[in-house]
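**Student:** Contents of query_27.cif (mmCIF, C-alpha atoms and all ligand atoms) are given next:
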data_upload
#
loop_
_atom_site.label_atom_id
_atom_site.label_comp_id
_atom_site.auth_asym_id
_atom_site.auth_seq_id
_atom_site.Cartn_x
_atom_site.Cartn_y
_atom_site.Cartn_z
CA MET A 1 -2.88 3.24 5.80
CA ASN A 2 -1.32 4.86 2.73
CA LYS A 3 -2.86 4.94 -0.68
CA ILE A 4 -0.86 4.29 -3.79
CA PRO A 5 -1.21 7.54 -5.70
CA MET A 6 -1.25 7.30 -9.47
CA THR A 7 -1.28 9.87 -12.24
CA GLU A 8 -3.21 9.12 -15.42
CA LYS A 9 0.12 8.67 -17.15
CA GLN A 10 1.38 6.14 -14.57
CA LYS A 11 -1.92 4.26 -14.76
CA ASN A 12 -1.65 3.96 -18.54
CA GLN A 13 1.98 2.92 -18.27
CA ILE A 14 1.43 0.09 -15.79
CA GLU A 15 -1.63 -1.20 -17.60
CA GLU A 16 0.36 -1.21 -20.81
CA ILE A 17 3.17 -3.23 -19.15
CA TYR A 18 0.64 -5.68 -17.78
CA TRP A 19 -1.35 -6.12 -20.96
CA LYS A 20 1.72 -6.45 -23.13
CA TRP A 21 2.93 -9.29 -20.94
CA PHE A 22 -0.42 -11.05 -20.73
CA SER A 23 -1.73 -10.62 -24.26
CA LYS A 24 1.51 -11.66 -25.94
CA ARG A 25 2.21 -14.76 -23.91
CA HIS A 26 -0.91 -16.00 -22.16
CA LEU A 27 -4.10 -14.68 -23.74
CA LYS A 28 -4.64 -17.49 -26.21
CA THR A 29 -4.33 -20.27 -23.64
CA PHE A 30 -6.45 -18.33 -21.18
CA MET A 31 -9.26 -18.07 -23.75
CA GLU A 32 -9.13 -21.84 -24.28
CA ILE A 33 -9.26 -22.41 -20.53
CA ILE A 34 -12.22 -20.06 -20.08
CA GLU A 35 -14.14 -21.95 -22.78
CA GLN A 36 -13.95 -25.09 -20.61
CA ASP A 37 -15.08 -23.39 -17.41
CA THR A 38 -18.59 -21.91 -17.18
CA THR A 39 -18.08 -20.42 -13.72
CA LEU A 40 -14.91 -18.62 -14.75
CA LYS A 41 -16.69 -17.45 -17.86
CA LYS A 42 -19.46 -15.96 -15.73
CA ILE A 43 -16.95 -14.31 -13.42
CA ILE A 44 -15.14 -12.64 -16.30
CA ASP A 45 -18.26 -11.50 -18.08
CA GLU A 46 -21.74 -11.92 -16.67
CA ASN A 47 -23.18 -12.03 -20.19
CA LEU A 48 -20.75 -14.80 -21.10
CA ASN A 49 -19.37 -12.58 -23.82
CA ILE A 50 -15.70 -13.57 -23.79
CA THR A 51 -13.58 -11.39 -26.03
CA LYS A 52 -10.11 -9.93 -25.83
CA ASP A 53 -11.69 -6.75 -24.47
CA SER A 54 -13.78 -8.42 -21.78
CA ILE A 55 -10.73 -10.32 -20.56
CA LYS A 56 -8.69 -7.12 -20.51
CA ALA A 57 -11.47 -5.34 -18.58
CA PHE A 58 -11.49 -8.16 -16.04
CA LEU A 59 -7.72 -8.29 -15.55
CA LEU A 60 -7.44 -4.52 -15.23
CA ALA A 61 -10.64 -4.02 -13.19
CA ASP A 62 -10.40 -1.03 -10.86
CA THR A 63 -11.02 -1.38 -7.12
CA LYS A 64 -14.76 -0.71 -7.45
CA LYS A 65 -15.17 -3.32 -10.17
CA LEU A 66 -13.08 -5.77 -8.18
CA ALA A 67 -15.52 -5.42 -5.30
CA ASP A 68 -18.39 -6.29 -7.68
CA ILE A 69 -16.52 -9.31 -9.01
CA LYS A 70 -15.85 -10.47 -5.48
CA LYS A 71 -19.57 -10.19 -4.70
CA ASN A 72 -20.45 -12.25 -7.76
CA ILE A 73 -17.95 -14.93 -6.77
CA ASP A 74 -19.51 -15.04 -3.28
CA ASP A 75 -22.94 -15.48 -4.88
CA TYR A 76 -22.00 -18.32 -7.24
CA ALA A 77 -22.30 -21.71 -5.66
CA ASP A 78 -19.76 -23.18 -8.08
CA ASP A 79 -16.02 -22.83 -7.90
CA ILE A 80 -13.81 -22.49 -10.97
CA ASN A 81 -12.22 -25.76 -12.07
CA ASP A 82 -8.79 -27.05 -11.11
CA GLU A 83 -7.30 -26.54 -14.54
CA SER A 84 -8.26 -22.83 -14.41
CA LYS A 85 -6.84 -22.46 -10.92
CA LYS A 86 -3.58 -24.06 -11.96
CA PHE A 87 -3.25 -21.75 -14.96
CA ILE A 88 -4.06 -18.57 -13.03
CA LEU A 89 -1.73 -19.33 -10.12
CA LYS A 90 1.09 -20.17 -12.50
CA ARG A 91 0.59 -16.90 -14.37
CA TYR A 92 0.55 -15.07 -11.05
CA GLY A 93 3.95 -16.55 -10.18
CA ASN A 94 5.21 -15.48 -13.56
CA PHE A 95 3.86 -11.94 -13.12
CA ARG A 96 5.50 -11.65 -9.72
CA LYS A 97 8.84 -12.71 -11.10
CA SER A 98 8.89 -10.84 -14.38
CA GLN A 99 6.53 -7.83 -14.16
CA ALA A 100 5.95 -6.72 -10.55
CA ALA A 101 9.24 -4.83 -10.26
CA LYS A 102 8.55 -2.81 -13.42
CA ILE A 103 5.14 -1.76 -12.17
CA ILE A 104 6.36 -0.81 -8.70
CA ASP A 105 9.17 1.14 -10.33
CA VAL A 106 6.74 3.15 -12.47
CA LEU A 107 4.56 3.90 -9.44
CA GLY A 108 7.49 4.89 -7.24
CA ILE A 109 6.30 2.77 -4.33
CA LEU A 110 9.15 2.52 -1.83
CA THR A 111 7.40 1.51 1.38
CA CYS A 112 4.66 -0.87 2.44
CA PRO A 113 1.25 0.83 2.05
CA TYR A 114 -0.16 -1.06 5.04
CA CYS A 115 2.41 -0.09 7.68
CA ASN A 116 4.71 2.61 6.20
CA GLN A 117 7.45 1.07 8.37
CA ASN A 118 9.24 -1.25 5.98
CA TYR A 119 10.77 -0.65 2.59
CA ILE A 120 9.73 -2.61 -0.46
CA ASN A 121 12.90 -3.20 -2.37
CA ILE A 122 13.31 -3.38 -6.10
CA VAL A 123 16.89 -3.86 -7.19
CA TYR A 124 18.92 -4.49 -10.31
CA ASP A 125 20.42 -7.97 -10.07
CA LYS A 126 23.86 -8.98 -11.37
CA GLU A 127 22.44 -9.46 -14.88
CA GLY A 128 21.02 -5.95 -14.80
CA LYS A 129 17.43 -7.13 -14.50
CA LEU A 130 15.02 -5.29 -12.25
CA GLN A 131 13.92 -7.58 -9.41
CA PHE A 132 11.22 -7.25 -6.80
CA ARG A 133 12.30 -8.30 -3.29
CA GLY A 134 9.10 -7.55 -1.41
CA ASP A 135 5.83 -9.44 -1.16
CA LEU A 136 2.65 -9.15 -3.19
CA ASP A 137 -0.46 -9.30 -1.10
CA HIS A 138 -3.68 -10.51 -2.69
CA TYR A 139 -6.18 -7.94 -1.48
CA TYR A 140 -8.85 -10.62 -2.05
CA ASN A 141 -7.07 -13.77 -0.98
CA LYS A 142 -6.02 -16.19 -3.66
CA SER A 143 -7.35 -19.39 -2.12
CA GLN A 144 -10.95 -18.16 -1.93
CA TYR A 145 -10.87 -15.84 -4.97
CA THR A 146 -8.43 -17.63 -7.23
CA ALA A 147 -10.00 -16.16 -10.37
CA MET A 148 -8.86 -12.71 -9.22
CA ALA A 149 -5.34 -13.84 -8.36
CA ILE A 150 -3.90 -12.13 -11.44
CA CYS A 151 -6.09 -9.00 -11.53
CA LEU A 152 -3.60 -6.13 -11.46
CA TYR A 153 -5.28 -3.99 -8.78
CA ASN A 154 -5.79 -6.99 -6.54
CA LEU A 155 -2.01 -7.28 -6.16
CA ILE A 156 -0.70 -5.01 -3.44
CA PRO A 157 3.06 -4.61 -2.97
CA ALA A 158 3.57 -5.07 0.76
CA CYS A 159 6.24 -5.91 3.32
CA LYS A 160 6.66 -9.46 4.56
CA VAL A 161 5.37 -8.65 8.05
CA CYS A 162 2.07 -7.18 6.80
CA ASN A 163 1.58 -9.79 4.10
CA GLN A 164 1.98 -12.56 6.63
CA ILE A 165 -0.43 -10.97 9.10
CA LYS A 166 -3.02 -10.24 6.42
CA SER A 167 -3.08 -13.75 5.03
CA LYS A 168 -4.75 -14.91 8.24
CA THR A 169 -7.83 -12.70 8.07
CA ASP A 170 -10.59 -11.35 5.88
CA LYS A 171 -11.38 -8.19 7.84
CA LYS A 172 -12.40 -5.35 5.57
CA ILE A 173 -9.61 -2.87 4.96
CA GLN A 174 -9.05 -0.33 2.19
CA ASN A 175 -7.49 -1.32 -1.10
CA PRO A 176 -4.49 1.06 -1.39
CA TYR A 177 -5.20 1.42 -5.11
CA ASP A 178 -8.60 2.98 -4.35
CA SER A 179 -8.15 6.60 -5.43
CA SER A 180 -11.05 7.82 -3.28
CA TYR A 181 -9.36 6.45 -0.18
CA SER A 182 -8.01 8.81 2.43
CA SER A 183 -6.93 7.28 5.71
CA LYS A 184 -7.79 9.15 8.90
CA ILE A 185 -5.07 7.41 10.90
CA ARG A 186 -3.12 10.00 12.92
CA PHE A 187 -0.36 9.19 15.38
CA LYS A 188 0.07 11.08 18.62
CA THR A 189 1.81 10.76 21.95
CA GLU A 190 0.20 10.60 25.36
CA PHE A 191 1.26 10.23 28.97
CA ASP A 192 1.86 6.71 30.18
CA ASP A 193 1.00 5.77 33.79
CA GLN A 194 4.15 7.48 35.09
CA GLY A 195 2.81 10.91 34.08
CA ASP A 196 6.32 12.20 33.33
CA ILE A 197 6.08 15.76 31.95
CA ASP A 198 9.77 15.70 30.94
CA TYR A 199 8.82 13.80 27.81
CA LEU A 200 7.14 16.94 26.43
CA GLN A 201 10.60 18.54 26.31
CA GLY A 202 12.19 15.48 24.70
CA LYS A 203 13.92 14.55 27.94
CA SER A 204 12.44 11.13 28.55
CA GLN A 205 10.86 8.18 26.83
CA ASN A 206 8.12 7.76 29.43
CA PHE A 207 5.14 8.13 27.12
CA ASN A 208 3.01 6.11 24.72
CA ILE A 209 2.52 6.43 20.99
CA VAL A 210 -1.09 5.86 20.04
CA ILE A 211 -3.48 6.43 17.15
CA ASP A 212 -5.97 9.25 17.53
CA LYS A 213 -9.36 7.60 17.18
CA THR A 214 -11.47 10.76 16.96
CA ASN A 215 -12.17 10.72 13.20
CA ILE A 216 -11.12 7.21 12.42
CA LEU A 217 -12.93 5.21 9.70
CA GLU A 218 -14.08 1.65 10.20
CA THR A 219 -11.54 0.40 7.68
CA ASP A 220 -8.79 2.38 9.49
CA ASN A 221 -9.83 0.74 12.70
CA ASN A 222 -9.64 -2.71 11.12
CA GLU A 223 -6.20 -1.91 9.69
CA MET A 224 -4.98 -0.67 13.02
CA ASP A 225 -6.07 -3.90 14.72
CA LEU A 226 -5.01 -6.22 11.96
CA PHE A 227 -1.53 -4.85 11.33
CA GLU A 228 -0.97 -4.15 15.06
CA LEU A 229 -0.13 -0.56 14.17
CA GLU A 230 -0.31 0.90 17.66
CA GLU A 231 1.81 -1.88 19.09
CA ARG A 232 4.36 -1.58 16.29
CA TYR A 233 4.56 2.21 16.45
CA ASN A 234 4.72 2.30 20.22
CA ASN A 235 8.20 0.79 19.84
CA LEU A 236 9.37 3.98 18.11
CA LYS A 237 9.81 6.14 21.20
CA ARG A 238 13.35 7.08 20.29
CA ASN A 239 12.10 8.33 16.89
CA ALA A 240 9.35 10.35 18.55
CA GLN A 241 11.83 11.77 21.03
CA GLU A 242 14.07 12.92 18.18
CA ILE A 243 11.12 14.69 16.57
CA ILE A 244 10.18 16.39 19.83
CA ILE A 245 13.75 17.66 20.25
CA LYS A 246 13.87 18.84 16.64
CA ALA A 247 10.55 20.60 17.05
CA LYS A 248 12.09 22.53 19.97
CA ALA A 249 15.41 23.16 18.21
CA TYR A 250 13.89 24.43 14.99
CA ASP A 251 11.96 27.31 16.48
CA ILE A 252 10.27 29.93 14.31
CA GLN A 253 13.31 32.19 14.21
CA TYR A 254 15.71 29.43 13.20
CA LYS A 255 13.30 28.09 10.58
CA LYS A 256 13.00 31.58 9.10
CA PHE A 257 16.79 31.77 8.90
CA LEU A 258 16.93 28.41 7.09
CA GLU A 259 14.11 29.32 4.72
CA ASP A 260 16.11 32.36 3.60
CA LYS A 261 19.41 30.50 3.48
CA PHE A 262 18.06 27.69 1.27
CA ASP A 263 15.44 29.81 -0.50
CA ILE A 264 12.75 27.29 0.33
CA ASP A 265 9.24 27.67 1.73
CA GLY A 266 8.35 26.70 5.29
CA GLU A 267 6.41 23.56 4.52
CA GLU A 268 9.09 22.21 2.18
CA LEU A 269 11.74 22.88 4.81
CA GLU A 270 9.77 20.96 7.43
CA LYS A 271 9.56 17.93 5.15
CA TYR A 272 13.37 17.78 5.03
CA ILE A 273 13.90 18.43 8.71
CA PHE A 274 11.33 15.94 9.98
CA GLY A 275 11.45 13.40 7.16
CA TYR A 276 8.09 13.19 5.48
CA THR A 277 6.52 13.59 2.03
CA ASP A 278 3.02 14.33 0.76
CA LYS A 279 2.57 10.84 -0.61
CA HIS A 280 4.05 8.96 2.40
CA ILE A 281 4.42 5.87 0.21
CA ASP A 282 7.92 6.95 -0.88
CA ARG A 283 9.34 7.51 2.61
CA GLU A 284 9.33 5.16 5.60
CA LEU A 285 7.60 6.50 8.75
CA SER A 286 6.50 9.55 6.77
CA ARG A 287 2.99 9.69 8.21
CA PHE A 288 4.28 9.14 11.75
CA ASN A 289 6.98 11.80 11.40
CA ARG A 290 4.50 14.35 10.08
CA ASP A 291 1.92 13.67 12.79
CA ILE A 292 4.35 13.85 15.71
CA MET A 293 5.90 17.00 14.22
CA LYS A 294 2.47 18.64 14.02
CA GLU A 295 1.87 17.79 17.65
CA PHE A 296 5.06 19.47 18.82
CA ARG A 297 6.30 22.09 16.39
CA GLU A 298 5.98 25.80 17.03
CA SER A 299 3.62 27.40 14.56
ZN ZN A 301 4.03 -3.46 6.06
#
Would you mind writing the file's structure down as C-alpha cells?
**Tutor:**
Amino acid sequence: MNKIPMTEKQKNQIEEIYWKWFSKRHLKTFMEIIEQDTTLKKIIDENLNITKDSIKAFLLADTKKLADIKKNIDDYADDINDESKKFILKRYGNFRKSQAAKIIDVLGILTCPYCNQNYINIVYDKEGKLQFRGDLDHYYNKSQYTAMAICLYNLIPACKVCNQIKSKTDKKIQNPYDSSYSSKIRFKTEFDDQGDIDYLQGKSQNFNIVIDKTNILETDNNEMDLFELEERYNNLKRNAQEIIIKAKAYDIQYKKFLEDKFDIDGEELEKYIFGYTDKHIDRELSRFNRDIMKEFRES
C-alpha cells in the first residue's frame, strides 16, 4: 500500500551498511560456497562470472533485477544445494539481528508498508544497541527462493500481522521498494444498510469504510484481498467519526485563523489537524486519515 521512499543519499547509506557487513564477514565463505554450487552460480551471474562485483550486484539488486532473478530461478530445474541454503539462511538471521535496525533507521520507516496500521519498532536496548522489533518479510518467499533470502531489497520491514498473512500466499503485490510504484488505494465511507444520514455529520457510526475501486491497480486489488484491508479498516469507525467531526469543526474561517496564528500554509495545517504525512510510511493510518479528510473537509 505504501512505498518506501528513498533519496539517493539514503540508498547509498543503506547499501554501504549492508556491503560493509557482508564483505567484511561473509564474502570469502560465500565465494567458496558458490564455487561448489553451479545453480547458485548461475543465479548470481548468468555468465558464471563470479567476482566481488557480481556478488555485490546480486545482493543489492533493485526490484526490477530481483524480478528477473526470480524468473531465472523459476526456469532452472535445479535447486541450490543444502550447504548453500544453510549458509544463506544463517546470514539472513545474522542480518536481521545486527543490521536491519540500522537500515530501517536510515530510511525512517515507522509503520508497516503493507497495512499502515501497525508501527515497526526499532529501539535502543539496555546496552545502547539499536534493535529491530518488527518482522522482515521476504517479498519472494525464502523457502522457494532461498538464494534471494539475503538480497537487501527482497527484505521488507513489516508488521507481524501482515508478515504472517503474506507467508501463506504468492499473489502478486507491489514491492514497496519499487520507486515507480504508486498505490491507487483510497479509503472512503459509504452508507451501510441502515441508511443513517446522521453519520455524515459525525453523529453516528452507522456506515462502512471501504476502498474506492474506481482506479485500483491489479496489485492493489491483490493487496487489499491478501491483507484484508477493507475488513481491517472497517473496524476504524471511531477514527473516521473523529475525522468527520474535525472536518466540520475546522471550517474555512477557523482554518484561516489558525494559518495566520501559526504562520503555516493550509496544507501543512491539515496534516497536523488530521494526522497524515506525504510519505505515509512515517505515520500510522496516514493514508486513511488523509482520504477520509478529503471526503469531508470544506474546501
Ligand atoms: Zn502490516
**Student:** Could you give me, as a PyMOL selection string, the residues within 7 Å of range 130-142 of chain A, counting all atoms listed in the file and dropping anything in the same chain fewer than 3 positions from it?
**Tutor:** chain A and resi 100-101+120-125+145-146+149+154-160+163+175
**Student:** Set the cut-off to 6 Å, count only C-alpha atoms and all ligand atoms, and list whatever residues fall near ligand ZN 301 (chain A) as a PyMOL selection string.
**Tutor:** chain A and resi 112+114-115+118+158-159+161-162
**Student:** If we count only C-alpha atoms and set the cut-off at 8 Å, which residues sit around Gly195 in chain A, ignoring sequence neighbours fewer than 3 positions away in its own chain? Please answer as JSON, numbers by chain.
**Tutor:** {"A": [191, 192, 206, 207]}
**Student:** Taking C-alpha atoms for each residue, export the selection above as a short mmCIF file (atom, residue, chain, number, x, y, z; two decimals), in the coordinates of the input.
**Tutor:**
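Done, and the output landed in part37.cif:
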data_model
loop_
_atom_site.label_atom_id
_atom_site.label_comp_id
_atom_site.auth_asym_id
_atom_site.auth_seq_id
_atom_site.Cartn_x
_atom_site.Cartn_y
_atom_site.Cartn_z
CA PHE A 191 1.26 10.23 28.97
CA ASP A 192 1.86 6.71 30.18
CA ASN A 206 8.12 7.76 29.43
CA PHE A 207 5.14 8.13 27.12
#
**Student:** Can you work out which one of A:Tyr199, A:Tyr272, A:Phe30, A:Trp19 has the shortest atom-to-atom distance to Lys86 in chain A, counting all atoms listed in the file?
**Tutor:**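 Of all the options, A:Phe30 lies closest to Lys86 in chain A.
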**Student:** Any idea what's packed within 12 Å of Phe187 in chain A, counting only C-alpha atoms, ignoring anything in its chain fewer than 4 positions away? Could you give it as a PyMOL selection string?
**Tutor:** chain A and resi 1+183+208-214+216+224+229-234+236+240+285-295
**Student:** Calculated over all atoms listed in the file, which of the candidates A:Lys171, A:Lys56, A:Lys41, A:Lys203 has the smallest distance to Glu16 in chain A?
**Tutor:**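 Looking at the shortest contact to Glu16 in chain A, the residue is A:Lys56.
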**Student:** Which value, in Å to one decimal, gives the distance between CA of His280 in chain A and CA of Thr219 in chain A?
**Tutor:**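 Between CA of His280 in chain A and CA of Thr219 in chain A the gap is 18.6 Å.
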**Student:** Restricting the calculation to all atoms listed in the file, which member of A:Lys65, A:Lys271, A:Lys90, A:Lys42 is positioned closest to Ala77 in chain A?
**Tutor:**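 Closest candidate: A:Lys42.
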**Student:** List the neighbours of Gln10 in chain A out to 12 Å using only C-alpha atoms; skip same-chain residues closer than 2 positions along the sequence, and give me the result as a PDB file with C-alpha atoms, keeping the file's coordinate frame.
**Tutor:**
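out_17.pdb written:
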ATOM      1  CA  ILE A   4      -0.860   4.290  -3.790  1.00  0.00           C
ATOM      2  CA  PRO A   5      -1.210   7.540  -5.700  1.00  0.00           C
ATOM      3  CA  MET A   6      -1.250   7.300  -9.470  1.00  0.00           C
ATOM      4  CA  THR A   7      -1.280   9.870 -12.240  1.00  0.00           C
ATOM      5  CA  GLU A   8      -3.210   9.120 -15.420  1.00  0.00           C
ATOM      6  CA  ASN A  12      -1.650   3.960 -18.540  1.00  0.00           C
ATOM      7  CA  GLN A  13       1.980   2.920 -18.270  1.00  0.00           C
ATOM      8  CA  ILE A  14       1.430   0.090 -15.790  1.00  0.00           C
ATOM      9  CA  GLU A  15      -1.630  -1.200 -17.600  1.00  0.00           C
ATOM     10  CA  GLU A  16       0.360  -1.210 -20.810  1.00  0.00           C
ATOM     11  CA  ILE A  17       3.170  -3.230 -19.150  1.00  0.00           C
ATOM     12  CA  LYS A 102       8.550  -2.810 -13.420  1.00  0.00           C
ATOM     13  CA  ILE A 103       5.140  -1.760 -12.170  1.00  0.00           C
ATOM     14  CA  ILE A 104       6.360  -0.810  -8.700  1.00  0.00           C
ATOM     15  CA  ASP A 105       9.170   1.140 -10.330  1.00  0.00           C
ATOM     16  CA  VAL A 106       6.740   3.150 -12.470  1.00  0.00           C
ATOM     17  CA  LEU A 107       4.560   3.900  -9.440  1.00  0.00           C
ATOM     18  CA  GLY A 108       7.490   4.890  -7.240  1.00  0.00           C
ATOM     19  CA  ILE A 109       6.300   2.770  -4.330  1.00  0.00           C
TER      20      ILE A 109
END
**Student:** What is the distance, in Å and to one decimal place, between CA of Gln194 in chain A and CA of Lys237 in chain A?
**Tutor:** 15.1 Å
**Student:** Quick one: residues within 12 Å of Ala67 in chain A, only C-alpha atoms, excluding same-chain residues fewer than 5 positions away - as a ChimeraX atom specification?
**Tutor:** /A:58,61-62,72-74,139-140,145,148,151,153-154,172,174-175,178
**Student:** Please measure the separation of CA of Lys188 in chain A and CA of Gln241 in chain A, giving the value in Å to one decimal.
**Tutor:**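 Spanning CA of Lys188 in chain A to CA of Gln241 in chain A is a straight-line distance of 12.0 Å.
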**Student:** Of the residues A:Thr29, A:Ile185, A:Lys70, A:Lys24, which is the one nearest to Glu218 in chain A, using all atoms listed in the file?
**Tutor:**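 That would be A:Ile185, the residue with the smallest distance to Glu218 in chain A.
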**Student:** Check the smallest atom-to-atom distance from each of A:Ile44, A:Ile50, A:Ile281, A:Ile244 to Tyr119 in chain A using all atoms listed in the file, then report the winner.
**Tutor:**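 Distance minimum relative to Tyr119 in chain A lands on A:Ile281.
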**Student:** May I ask which of the residues A:Ser204, A:Lys246, A:Glu284, A:Arg186 is the closest one to Leu217 in chain A, counting all atoms listed in the file?
**Tutor:**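 Counting all atoms listed in the file, the residue closest to Leu217 in chain A is A:Arg186.
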**Student:** Could you write range 54-63 of chain A as an mmCIF file, in the frame of the given file, with all heavy atoms rebuilt where they are missing?
**Tutor:**
data_model
loop_
_atom_site.group_PDB
_atom_site.id
_atom_site.type_symbol
_atom_site.label_atom_id
_atom_site.label_comp_id
_atom_site.auth_asym_id
_atom_site.auth_seq_id
_atom_site.Cartn_x
_atom_site.Cartn_y
_atom_site.Cartn_z
ATOM 1 N N SER A 54 -13.173 -8.099 -23.084
ATOM 2 C CA SER A 54 -13.780 -8.420 -21.780
ATOM 3 C C SER A 54 -12.741 -9.032 -20.841
ATOM 4 O O SER A 54 -12.774 -8.790 -19.631
ATOM 5 C CB SER A 54 -15.009 -9.314 -21.940
ATOM 6 O OG SER A 54 -14.665 -10.554 -22.513
ATOM 7 N N ILE A 55 -11.811 -9.765 -21.404
ATOM 8 C CA ILE A 55 -10.730 -10.320 -20.560
ATOM 9 C C ILE A 55 -9.841 -9.198 -20.035
ATOM 10 O O ILE A 55 -9.496 -9.142 -18.853
ATOM 11 C CB ILE A 55 -9.899 -11.357 -21.347
ATOM 12 C CG1 ILE A 55 -10.771 -12.586 -21.639
ATOM 13 C CG2 ILE A 55 -8.649 -11.763 -20.566
ATOM 14 C CD1 ILE A 55 -10.101 -13.637 -22.494
ATOM 15 N N LYS A 56 -9.528 -8.264 -20.911
ATOM 16 C CA LYS A 56 -8.690 -7.120 -20.510
ATOM 17 C C LYS A 56 -9.395 -6.320 -19.404
ATOM 18 O O LYS A 56 -8.781 -5.945 -18.399
ATOM 19 C CB LYS A 56 -8.413 -6.227 -21.718
ATOM 20 C CG LYS A 56 -7.399 -5.135 -21.448
ATOM 21 C CD LYS A 56 -7.085 -4.343 -22.699
ATOM 22 C CE LYS A 56 -6.087 -3.239 -22.387
ATOM 23 N NZ LYS A 56 -5.838 -2.362 -23.523
ATOM 24 N N ALA A 57 -10.697 -6.094 -19.585
ATOM 25 C CA ALA A 57 -11.470 -5.340 -18.580
ATOM 26 C C ALA A 57 -11.468 -6.061 -17.231
ATOM 27 O O ALA A 57 -11.404 -5.426 -16.175
ATOM 28 C CB ALA A 57 -12.895 -5.135 -19.065
ATOM 29 N N PHE A 58 -11.515 -7.371 -17.283
ATOM 30 C CA PHE A 58 -11.490 -8.160 -16.040
ATOM 31 C C PHE A 58 -10.112 -8.074 -15.363
ATOM 32 O O PHE A 58 -10.006 -7.789 -14.166
ATOM 33 C CB PHE A 58 -11.832 -9.619 -16.364
ATOM 34 C CG PHE A 58 -11.543 -10.586 -15.248
ATOM 35 C CD1 PHE A 58 -12.393 -10.652 -14.152
ATOM 36 C CD2 PHE A 58 -10.431 -11.415 -15.292
ATOM 37 C CE1 PHE A 58 -12.129 -11.549 -13.114
ATOM 38 C CE2 PHE A 58 -10.164 -12.299 -14.249
ATOM 39 C CZ PHE A 58 -11.013 -12.366 -13.158
ATOM 40 N N LEU A 59 -9.070 -8.275 -16.134
ATOM 41 C CA LEU A 59 -7.720 -8.290 -15.550
ATOM 42 C C LEU A 59 -7.299 -6.925 -15.016
ATOM 43 O O LEU A 59 -6.522 -6.826 -14.072
ATOM 44 C CB LEU A 59 -6.703 -8.791 -16.582
ATOM 45 C CG LEU A 59 -6.853 -10.261 -17.000
ATOM 46 C CD1 LEU A 59 -5.948 -10.572 -18.181
ATOM 47 C CD2 LEU A 59 -6.545 -11.193 -15.839
ATOM 48 N N LEU A 60 -7.821 -5.866 -15.655
ATOM 49 C CA LEU A 60 -7.440 -4.520 -15.230
ATOM 50 C C LEU A 60 -8.581 -3.808 -14.492
ATOM 51 O O LEU A 60 -8.625 -2.578 -14.422
ATOM 52 C CB LEU A 60 -7.012 -3.689 -16.450
ATOM 53 C CG LEU A 60 -5.800 -4.233 -17.231
ATOM 54 C CD1 LEU A 60 -5.525 -3.407 -18.473
ATOM 55 C CD2 LEU A 60 -4.557 -4.274 -16.346
ATOM 56 N N ALA A 61 -9.499 -4.595 -13.926
ATOM 57 C CA ALA A 61 -10.640 -4.020 -13.190
ATOM 58 C C ALA A 61 -10.162 -3.104 -12.076
ATOM 59 O O ALA A 61 -9.233 -3.455 -11.336
ATOM 60 C CB ALA A 61 -11.481 -5.156 -12.615
ATOM 61 N N ASP A 62 -10.796 -1.932 -11.950
ATOM 62 C CA ASP A 62 -10.400 -1.030 -10.860
ATOM 63 C C ASP A 62 -10.974 -1.544 -9.529
ATOM 64 O O ASP A 62 -11.682 -2.555 -9.498
ATOM 65 C CB ASP A 62 -10.835 0.419 -11.160
ATOM 66 C CG ASP A 62 -12.349 0.576 -11.254
ATOM 67 O OD1 ASP A 62 -13.086 -0.318 -10.792
ATOM 68 O OD2 ASP A 62 -12.794 1.597 -11.817
ATOM 69 N N THR A 63 -10.689 -0.841 -8.449
ATOM 70 C CA THR A 63 -11.020 -1.380 -7.120
ATOM 71 C C THR A 63 -12.537 -1.535 -6.935
ATOM 72 O O THR A 63 -12.991 -2.435 -6.247
ATOM 73 C CB THR A 63 -10.455 -0.485 -5.999
ATOM 74 O OG1 THR A 63 -10.916 0.856 -6.205
ATOM 75 C CG2 THR A 63 -8.949 -0.489 -6.023
#
